[in-house]
Amino acid sequence: MHTPRLPLVSRNQALRTSCAIAAALALASTLGCQNNSRYVNTSGNDVIVDAGKMNVQDWALLADQCTQSMISAGVLQRYGDQTKPAGMLLNALVNETTEQFDGDAILKKIRIALLNTGRVEVIMTAGPGGRAEDPIAQNAQQSKAMMNGSDNQLLAKNTPDLTLTAKLLQNQTRASGDTQTAYILQMTLTDTDSGRGIWEGEANVMKRGGKSTIGF
Amino acid sequence: MHSLLQQLSTTLLLSIGAMIALTGCKTTNVVNPTATGGFEQIITNGWLKSKASVVSVHEGVVNGDMKKVAVALFSDQNTQQYFSYKFEWFDSNGMPIPSATQVTTGVVIQAKDTVTVTSVAPSANAARWTLKLYDTQHPL
């Protein structure tokens, strides 16, 4: 039986078409579902990265660097142990960046990490100007102090042994359509007896890119 | 016609091979400490191992009672490479200890260079750690 042969031009065209289809299939199989909304691991490496904006990964990176530095320095063990942790008050984060976000996004992570060491407790019933972070707990403590004939503002446990200050800086430069942004978190731990800084730490995150992407 | 079919099947096989290779680059390498004070590497991604291979592990205690680990990683590649890593900590019963600051961190490693990644345990209860290495730049 005679099988008609395709002309050379048609064969090349068929080959090119099949290559294009195969490539499209391969691409579709790897990228096909990317437009669908989905949950991502907040500590994973597939969050959306924007070189010009902070994200949840940056907050965790900055907090992680600072807490690791503070714990490694060993200063906390001079002030408290698992049975009698040191009392700490944290100042609000000074945000010197152009971005608007709640400073607790970083500070809360640092507080959690410090509390988990067992050597520090955060004072919730006192603060600058008598403004406690937890007013309900402050009222309850005041009531208990009154019943015992004392003033809760004078309770030694409401006086911090340590205080923490934090400042976030930003440096941004652009070249050839790319944006490079550095975020710098600076922290100081102060001993309230001596009034001296006993630890200082600095954490950096630097990103560069043209537009938002997923992952590192 | 026969050679055309042969070329078509070769193209399709290459496409499938590329897809398998792309899927393979997503696998994770794991480093665990051993009871003798050494370490074991579980390699599922040979390319990742070529740019992030463990050469030494050091463990210590900071802040009185908290474990700290430092892992040195070597790149055998001739060009700058990228990978990322994450430490996970477990208590003496093998339960994972959550950490608010646990994060996957990206690393740039120069050719034939060694970098040291470190982690401090999230609490004094942490007894064991594991290091997970991820590929973030595949040549394909």
# chains A, B, ... in the order shown; residues from 1 in each chain; ligands from 1

$ interface_residues --of "chain A" --to "chain B" --cutoff "6 Å" --atoms "only C-alpha atoms" --output "list of chain:residue names"
A:Ser43, A:Gly44, A:Asn45, A:Ala60, A:Asp64, A:Gln68, A:Ile71, A:Ser72, A:Gly74, A:Gln77, A:Lys109, A:Asn116, A:Thr117

$ residues_around --residues "A:Leu115" --least-positions-apart "2" --cutoff "12 Å" --atoms "only C-alpha atoms" --output "ChimeraX atom specification"
/A:67,71,76,80-82,85-88,108-113,117-123 /B:99-100,122-124

$ select_by_dssp --residues "stretch 39-68 of chain B" --states "alpha helix (DSSP H)" --output "ChimeraX atom specification"
/B:46-51

$ write_last_selection --atoms "N, CA and C atoms" --output "JSON list (two decimals), in the first residue's frame"
[["chain", "number", "residue", "atom", "x", "y", "z"],
["B", 46, "GLY", "N", 19.99, 16.26, 44.48],
["B", 46, "GLY", "CA", 21.45, 16.25, 44.29],
["B", 46, "GLY", "C", 22.00, 17.59, 43.88],
["B", 47, "TRP", "N", 21.23, 18.33, 43.07],
["B", 47, "TRP", "CA", 21.67, 19.66, 42.64],
["B", 47, "TRP", "C", 21.78, 20.60, 43.84],
["B", 48, "LEU", "N", 20.79, 20.53, 44.73],
["B", 48, "LEU", "CA", 20.81, 21.37, 45.93],
["B", 48, "LEU", "C", 22.01, 21.01, 46.82],
["B", 49, "LYS", "N", 22.32, 19.71, 46.90],
["B", 49, "LYS", "CA", 23.47, 19.28, 47.72],
["B", 49, "LYS", "C", 24.78, 19.84, 47.18],
["B", 50, "SER", "N", 24.84, 20.00, 45.83],
["B", 50, "SER", "CA", 26.09, 20.50, 45.24],
["B", 50, "SER", "C", 26.37, 21.94, 45.62],
["B", 51, "LYS", "N", 25.35, 22.67, 46.06],
["B", 51, "LYS", "CA", 25.58, 24.07, 46.45],
["B", 51, "LYS", "C", 25.30, 24.32, 47.93]]

$ atom_distance --atom1 "atom CA of A:Gly201" --atom2 "atom CA of A:Ala63"
10.6 Å

$ atom_distance --atom1 "atom CA of A:Leu189" --atom2 "atom CA of B:Trp89"
26.4 Å
